[in-house]
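**Q** Supplied structure: final37.cif, mmCIF, C-alpha atoms.
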```cif
data_query
#
loop_
_atom_site.label_atom_id
_atom_site.label_comp_id
_atom_site.auth_asym_id
_atom_site.auth_seq_id
_atom_site.Cartn_x
_atom_site.Cartn_y
_atom_site.Cartn_z
CA MET A 1 98.76 80.65 130.46
CA THR A 2 101.89 80.50 128.30
CA ARG A 3 102.29 82.02 124.88
CA ASP A 4 102.74 78.56 123.34
CA ALA A 5 99.36 77.30 124.51
CA PRO A 6 96.40 77.45 122.10
CA PRO A 7 93.84 80.18 122.80
CA PRO A 8 90.88 79.32 125.03
CA THR A 9 87.42 78.85 123.53
CA ALA A 10 83.96 78.75 125.09
CA VAL A 11 84.25 74.97 125.45
CA GLY A 12 87.89 74.70 126.47
CA TRP A 13 91.17 74.84 124.61
CA ALA A 14 91.13 75.10 120.83
CA ALA A 15 93.03 72.56 118.82
CA PRO A 16 95.81 74.00 116.69
CA PRO A 17 94.64 74.73 113.18
CA ALA A 18 95.26 72.03 110.62
CA PRO A 19 97.80 72.99 107.98
CA VAL A 20 96.14 74.21 104.82
CA THR A 21 97.54 73.07 101.50
CA MET A 22 96.48 75.21 98.58
CA ALA A 23 96.61 73.53 95.21
CA GLU A 24 98.32 75.41 92.42
CA PRO A 25 96.04 76.59 89.61
CA ALA A 26 96.35 74.19 86.69
CA TRP A 27 95.97 76.22 83.49
CA ARG A 28 98.50 78.46 81.74
CA PRO A 29 97.63 81.46 79.59
CA SER A 30 97.90 81.12 75.82
CA PRO A 31 101.43 80.51 74.51
CA ARG A 32 100.98 83.82 72.62
CA ALA A 33 101.02 85.55 76.04
CA ARG A 34 104.83 85.60 75.81
CA LEU A 35 104.63 87.68 72.63
CA LEU A 36 101.98 89.95 74.17
CA TRP A 37 104.17 90.65 77.20
CA ALA A 38 107.31 91.09 75.06
CA VAL A 39 105.57 93.63 72.82
CA GLY A 40 104.24 95.47 75.88
CA ALA A 41 107.72 95.60 77.40
CA ALA A 42 109.26 96.80 74.11
CA LEU A 43 106.69 99.59 73.91
CA LEU A 44 107.77 100.73 77.39
CA TRP A 45 111.36 101.09 76.18
CA LEU A 46 110.47 103.21 73.13
CA PRO A 47 110.34 106.55 75.05
CA VAL A 48 113.74 105.81 76.63
CA VAL A 49 115.30 105.07 73.25
CA ALA A 50 113.61 108.15 71.74
CA ALA A 51 114.97 110.33 74.56
CA GLN A 52 118.48 109.00 73.96
CA VAL A 53 118.23 109.70 70.23
CA VAL A 54 117.07 113.27 70.94
CA TRP A 55 119.88 113.66 73.49
CA ALA A 56 122.45 112.44 70.94
CA ILE A 57 121.11 114.85 68.30
CA VAL A 58 120.99 117.84 70.65
CA GLU A 59 124.47 117.16 71.99
CA SER A 60 125.68 116.34 68.44
CA GLY A 61 128.91 114.66 69.41
CA ARG A 62 129.99 116.73 72.41
CA HIS A 63 130.12 113.80 74.84
CA PRO A 64 130.12 110.63 72.72
CA GLY A 65 131.30 108.46 75.62
CA TRP A 66 128.18 109.24 77.64
CA HIS A 67 125.92 108.52 74.68
CA VAL A 68 127.59 105.18 74.02
CA ALA A 69 127.45 104.21 77.73
CA ALA A 70 123.79 105.18 77.98
CA ALA A 71 122.96 103.29 74.79
CA VAL A 72 124.75 100.14 76.03
CA VAL A 73 122.98 100.27 79.43
CA THR A 74 119.63 100.83 77.71
CA ALA A 75 120.22 97.98 75.27
CA VAL A 76 121.22 95.54 78.02
CA LEU A 77 118.26 96.43 80.24
CA ALA A 78 115.78 96.44 77.35
CA VAL A 79 116.94 93.08 76.00
CA ALA A 80 116.80 91.57 79.49
CA HIS A 81 113.32 92.99 80.11
CA VAL A 82 111.88 92.11 76.70
CA GLY A 83 113.62 88.73 76.49
CA VAL A 84 113.45 87.36 80.03
CA MET A 85 110.31 88.85 81.60
CA PRO A 86 107.77 87.21 79.22
CA LEU A 87 109.32 83.77 79.68
CA TRP A 88 109.47 84.13 83.46
CA ARG A 89 105.95 85.51 83.62
CA TYR A 90 104.64 82.65 81.46
CA ARG A 91 106.17 80.13 83.87
CA VAL A 92 104.41 81.82 86.82
CA HIS A 93 100.96 82.70 85.46
CA ARG A 94 98.26 80.12 86.15
CA TRP A 95 94.50 80.11 86.51
CA GLU A 96 91.71 77.69 87.32
CA ILE A 97 88.00 77.77 87.92
CA THR A 98 86.10 75.29 90.08
CA ASP A 99 82.47 75.23 91.16
CA THR A 100 83.51 77.06 94.35
CA ALA A 101 86.30 79.52 93.44
CA VAL A 102 88.46 81.27 90.87
CA TYR A 103 92.18 80.72 91.43
CA THR A 104 94.95 82.81 89.88
CA ARG A 105 98.70 83.13 90.25
CA SER A 106 100.37 86.03 88.47
CA GLY A 107 103.35 88.32 88.39
CA TRP A 108 106.97 88.00 87.44
CA PHE A 109 109.01 90.03 89.91
CA THR A 110 106.33 90.23 92.61
CA GLN A 111 104.06 87.21 92.51
CA GLU A 112 100.47 87.13 93.74
CA ARG A 113 98.02 84.30 94.39
CA ARG A 114 94.34 85.13 94.50
CA ILE A 115 91.34 83.00 95.36
CA ALA A 116 87.89 84.47 94.81
CA PRO A 117 84.91 82.45 96.05
CA ILE A 118 82.20 82.06 93.40
CA SER A 119 79.65 83.34 95.91
CA ARG A 120 81.45 86.73 95.92
CA ILE A 121 81.39 87.29 92.15
CA GLN A 122 79.53 90.43 91.07
CA THR A 123 80.52 90.80 87.40
CA VAL A 124 82.51 88.93 84.77
CA ASP A 125 83.99 90.98 81.92
CA THR A 126 86.27 90.33 78.97
CA GLU A 127 88.67 92.90 77.60
CA ARG A 128 90.74 93.02 74.41
CA GLY A 129 93.22 95.78 73.73
CA PRO A 130 94.74 96.43 70.30
CA ILE A 131 97.67 94.06 70.80
CA ASP A 132 95.32 91.45 72.31
CA ARG A 133 93.11 91.64 69.21
CA TRP A 134 96.13 91.34 66.92
CA LEU A 135 97.21 88.18 68.78
CA GLY A 136 93.69 86.74 69.28
CA LEU A 137 93.84 87.09 73.08
CA ALA A 138 91.55 88.45 75.79
CA THR A 139 91.54 89.07 79.54
CA VAL A 140 88.73 87.89 81.80
CA THR A 141 88.13 90.20 84.76
CA VAL A 142 86.16 88.84 87.72
CA THR A 143 84.89 91.60 89.97
CA THR A 144 84.11 90.48 93.48
CA ALA A 145 82.84 91.97 96.69
CA SER A 146 86.43 92.37 97.86
CA SER A 147 88.46 95.40 98.77
CA ALA A 148 91.49 93.71 97.13
CA GLY A 149 90.04 94.42 93.70
CA ALA A 150 89.15 92.31 90.70
CA VAL A 151 90.77 89.02 89.77
CA GLU A 152 92.22 89.02 86.25
CA ILE A 153 92.90 86.01 84.08
CA THR A 154 95.17 87.47 81.41
CA ALA A 155 96.23 86.44 77.91
CA LEU A 156 93.66 83.76 77.15
CA ASP A 157 92.75 82.69 73.65
CA VAL A 158 89.51 84.48 72.71
CA GLY A 159 87.49 81.25 72.61
CA VAL A 160 88.82 80.18 76.01
CA ALA A 161 88.09 83.64 77.46
CA ASP A 162 84.51 83.61 76.15
CA ALA A 163 83.92 80.08 77.46
CA THR A 164 85.46 81.00 80.82
CA ALA A 165 83.28 84.09 81.17
CA ALA A 166 80.17 82.08 80.25
CA ARG A 167 81.04 79.31 82.71
CA LEU A 168 81.73 81.77 85.53
CA THR A 169 78.49 83.58 84.85
CA ALA A 170 76.55 80.31 84.88
CA ILE A 171 78.17 79.09 88.09
CA ALA A 172 77.73 82.44 89.83
CA GLY A 173 74.12 82.67 88.65
CA SER A 174 73.30 79.28 90.12
CA THR A 175 74.83 80.12 93.50
CA GLN A 176 72.25 81.02 96.13
CA ALA A 177 74.61 83.24 98.17
CA ASP A 178 74.54 87.03 97.97
CA ALA A 179 77.69 88.50 96.40
CA THR A 180 78.12 91.29 98.91
#
```
As a first step, turn the structure in this file into structure tokens.

**A**
Amino acid sequence: MTRDAPPPTAVGWAAPPAPVTMAEPAWRPSPRARLLWAVGAALLWLPVVAAQVVWAIVESGRHPGWHVAAAVVTAVLAVAHVGVMPLWRYRVHRWEITDTAVYTRSGWFTQERRIAPISRIQTVDTERGPIDRWLGLATVTVTTASSAGAVEITALDVGVADATAARLTAIAGSTQADAT
């Protein structure tokens, strides 16, 4: 038997598996997701900026070149993160629900595709943090019987999130399979 041959089965030789084509999820998050992600990124840069201000005050002019260089590097990185990441992330993030599965694609630097069969759903939750509430957004979290963790559909309009959670609950409730 050569390494290129298909593995044997009880009946004979197995046919090579057919190529699987996975459709891309169709729906984007709310357009306000870009603002949500930009605000979140800006909040991450606040401690760095605060530390540089404290450093500049404590040093009070002893090494102005270092302060200027650090401020320029911080400004460039912060503007790139706050300005580019939300746009890139919005282009990547997708979600879709069918009668058989929940599909998501997320990330910006590292991208992840998740498919959760409806029969594996255990709970469906919605979550709204302070910035989400301010922007009228919510996240739907679908907990499954999977060691990979929950599937999150982020930055949906509140009405869409509520309708999605209700639809998932209805579909999962009508499924006869055990979600274990």

**Q** Starting from the displayed file, determine the output of the PyMOL selection byres ((chain A and resi 30) around 8) and express the residue list as a VMD selection string.

**A** chain A and resid 28 to 29 31 to 33 137 155 to 157

**Q** Taking (95.7, 92.6, 68.1) in the file's coordinates, which residues come within 12 Å, counting all atoms listed in the file, written as a ChimeraX atom specification?

**A** /A:32-33,35-36,39-40,127-138,155,157-158

**Q** Return as a compact mmCIF listing (two decimals) with C-alpha atoms, in the frame of the given file the set of residues that the PyMOL selection byres ((chain A and resi 165) around 12) yields on the displayed structure.

**A**
```txt
# COMPACT_ATOMS: atom_id res chain seq x y z
CA ILE A 97 88.00 77.77 87.92
CA VAL A 102 88.46 81.27 90.87
CA ILE A 121 81.39 87.29 92.15
CA THR A 123 80.52 90.80 87.40
CA VAL A 124 82.51 88.93 84.77
CA ASP A 125 83.99 90.98 81.92
CA THR A 126 86.27 90.33 78.97
CA GLU A 127 88.67 92.90 77.60
CA ALA A 138 91.55 88.45 75.79
CA THR A 139 91.54 89.07 79.54
CA VAL A 140 88.73 87.89 81.80
CA THR A 141 88.13 90.20 84.76
CA VAL A 142 86.16 88.84 87.72
CA THR A 143 84.89 91.60 89.97
CA GLU A 152 92.22 89.02 86.25
CA ILE A 153 92.90 86.01 84.08
CA LEU A 156 93.66 83.76 77.15
CA VAL A 158 89.51 84.48 72.71
CA GLY A 159 87.49 81.25 72.61
CA VAL A 160 88.82 80.18 76.01
CA ALA A 161 88.09 83.64 77.46
CA ASP A 162 84.51 83.61 76.15
CA ALA A 163 83.92 80.08 77.46
CA THR A 164 85.46 81.00 80.82
CA ALA A 166 80.17 82.08 80.25
CA ARG A 167 81.04 79.31 82.71
CA LEU A 168 81.73 81.77 85.53
CA THR A 169 78.49 83.58 84.85
CA ALA A 170 76.55 80.31 84.88
CA ILE A 171 78.17 79.09 88.09
CA ALA A 172 77.73 82.44 89.83
CA GLY A 173 74.12 82.67 88.65
```

**Q** In Å, with one decimal, what is the gap from CA of Met85 in chain A to CA of Thr154 in chain A?

**A**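 Taking CA of Met85 in chain A as the start and CA of Thr154 in chain A as the end point, the length is 15.2 Å.
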
**Q** Quick one: of A:Ala78, A:Ala26, A:Ala71, A:Val84, who's nearest to Leu46 in chain A, counting all atoms listed in the file?

**A**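 Among the listed residues, A:Ala78 lies closest to Leu46 in chain A.
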
**Q** Have a look at CA of Tyr103 in chain A and CA of Glu24 in chain A and let me know their distance in Å, one decimal.

**A**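 Those two atoms sit 8.2 Å apart.
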
**Q** Kindly give the distance, in Å, that separates CA of Val151 in chain A and CA of Trp45 in chain A, rounded to a single decimal.

**A** 27.5 Å

**Q** Give, as AutoDock Vina command-line options, the centre coordinates and the x, y and z edge lengths in Å to one decimal for an axis-aligned box around all listed atoms of range 140-146 of chain A, padded by 8 Å on each side.

**A**
```
--center_x 85.8 --center_y 90.1 --center_z 89.8 --size_x 21.9 --size_y 20.5 --size_z 32.1
```

**Q** Using all atoms listed in the file, can you list as a list in words the residues within 6 Å of (105.1, 84.3, 79.1)?

**A** Ala33, Arg34, Pro86, Leu87, Arg89 and Tyr90 of chain A

**Q** With all atoms listed in the file as the counted atoms, please give the residues lying no more than 12 Å from Thr110 in chain A, apart from itself and same-chain residues fewer than 4 positions off, as a ChimeraX atom specification.

**A** /A:85,88-89,92-93,105-106

**Q** Selection from above, C-alpha atoms, as a tab-separated table (two decimals), in the frame of the given file, can you write it?

**A**
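Everything below was put into result.tsv:
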```
chain	number	residue	atom	x	y	z
A	85	MET	CA	110.31	88.85	81.60
A	88	TRP	CA	109.47	84.13	83.46
A	89	ARG	CA	105.95	85.51	83.62
A	92	VAL	CA	104.41	81.82	86.82
A	93	HIS	CA	100.96	82.70	85.46
A	105	ARG	CA	98.70	83.13	90.25
A	106	SER	CA	100.37	86.03	88.47
```
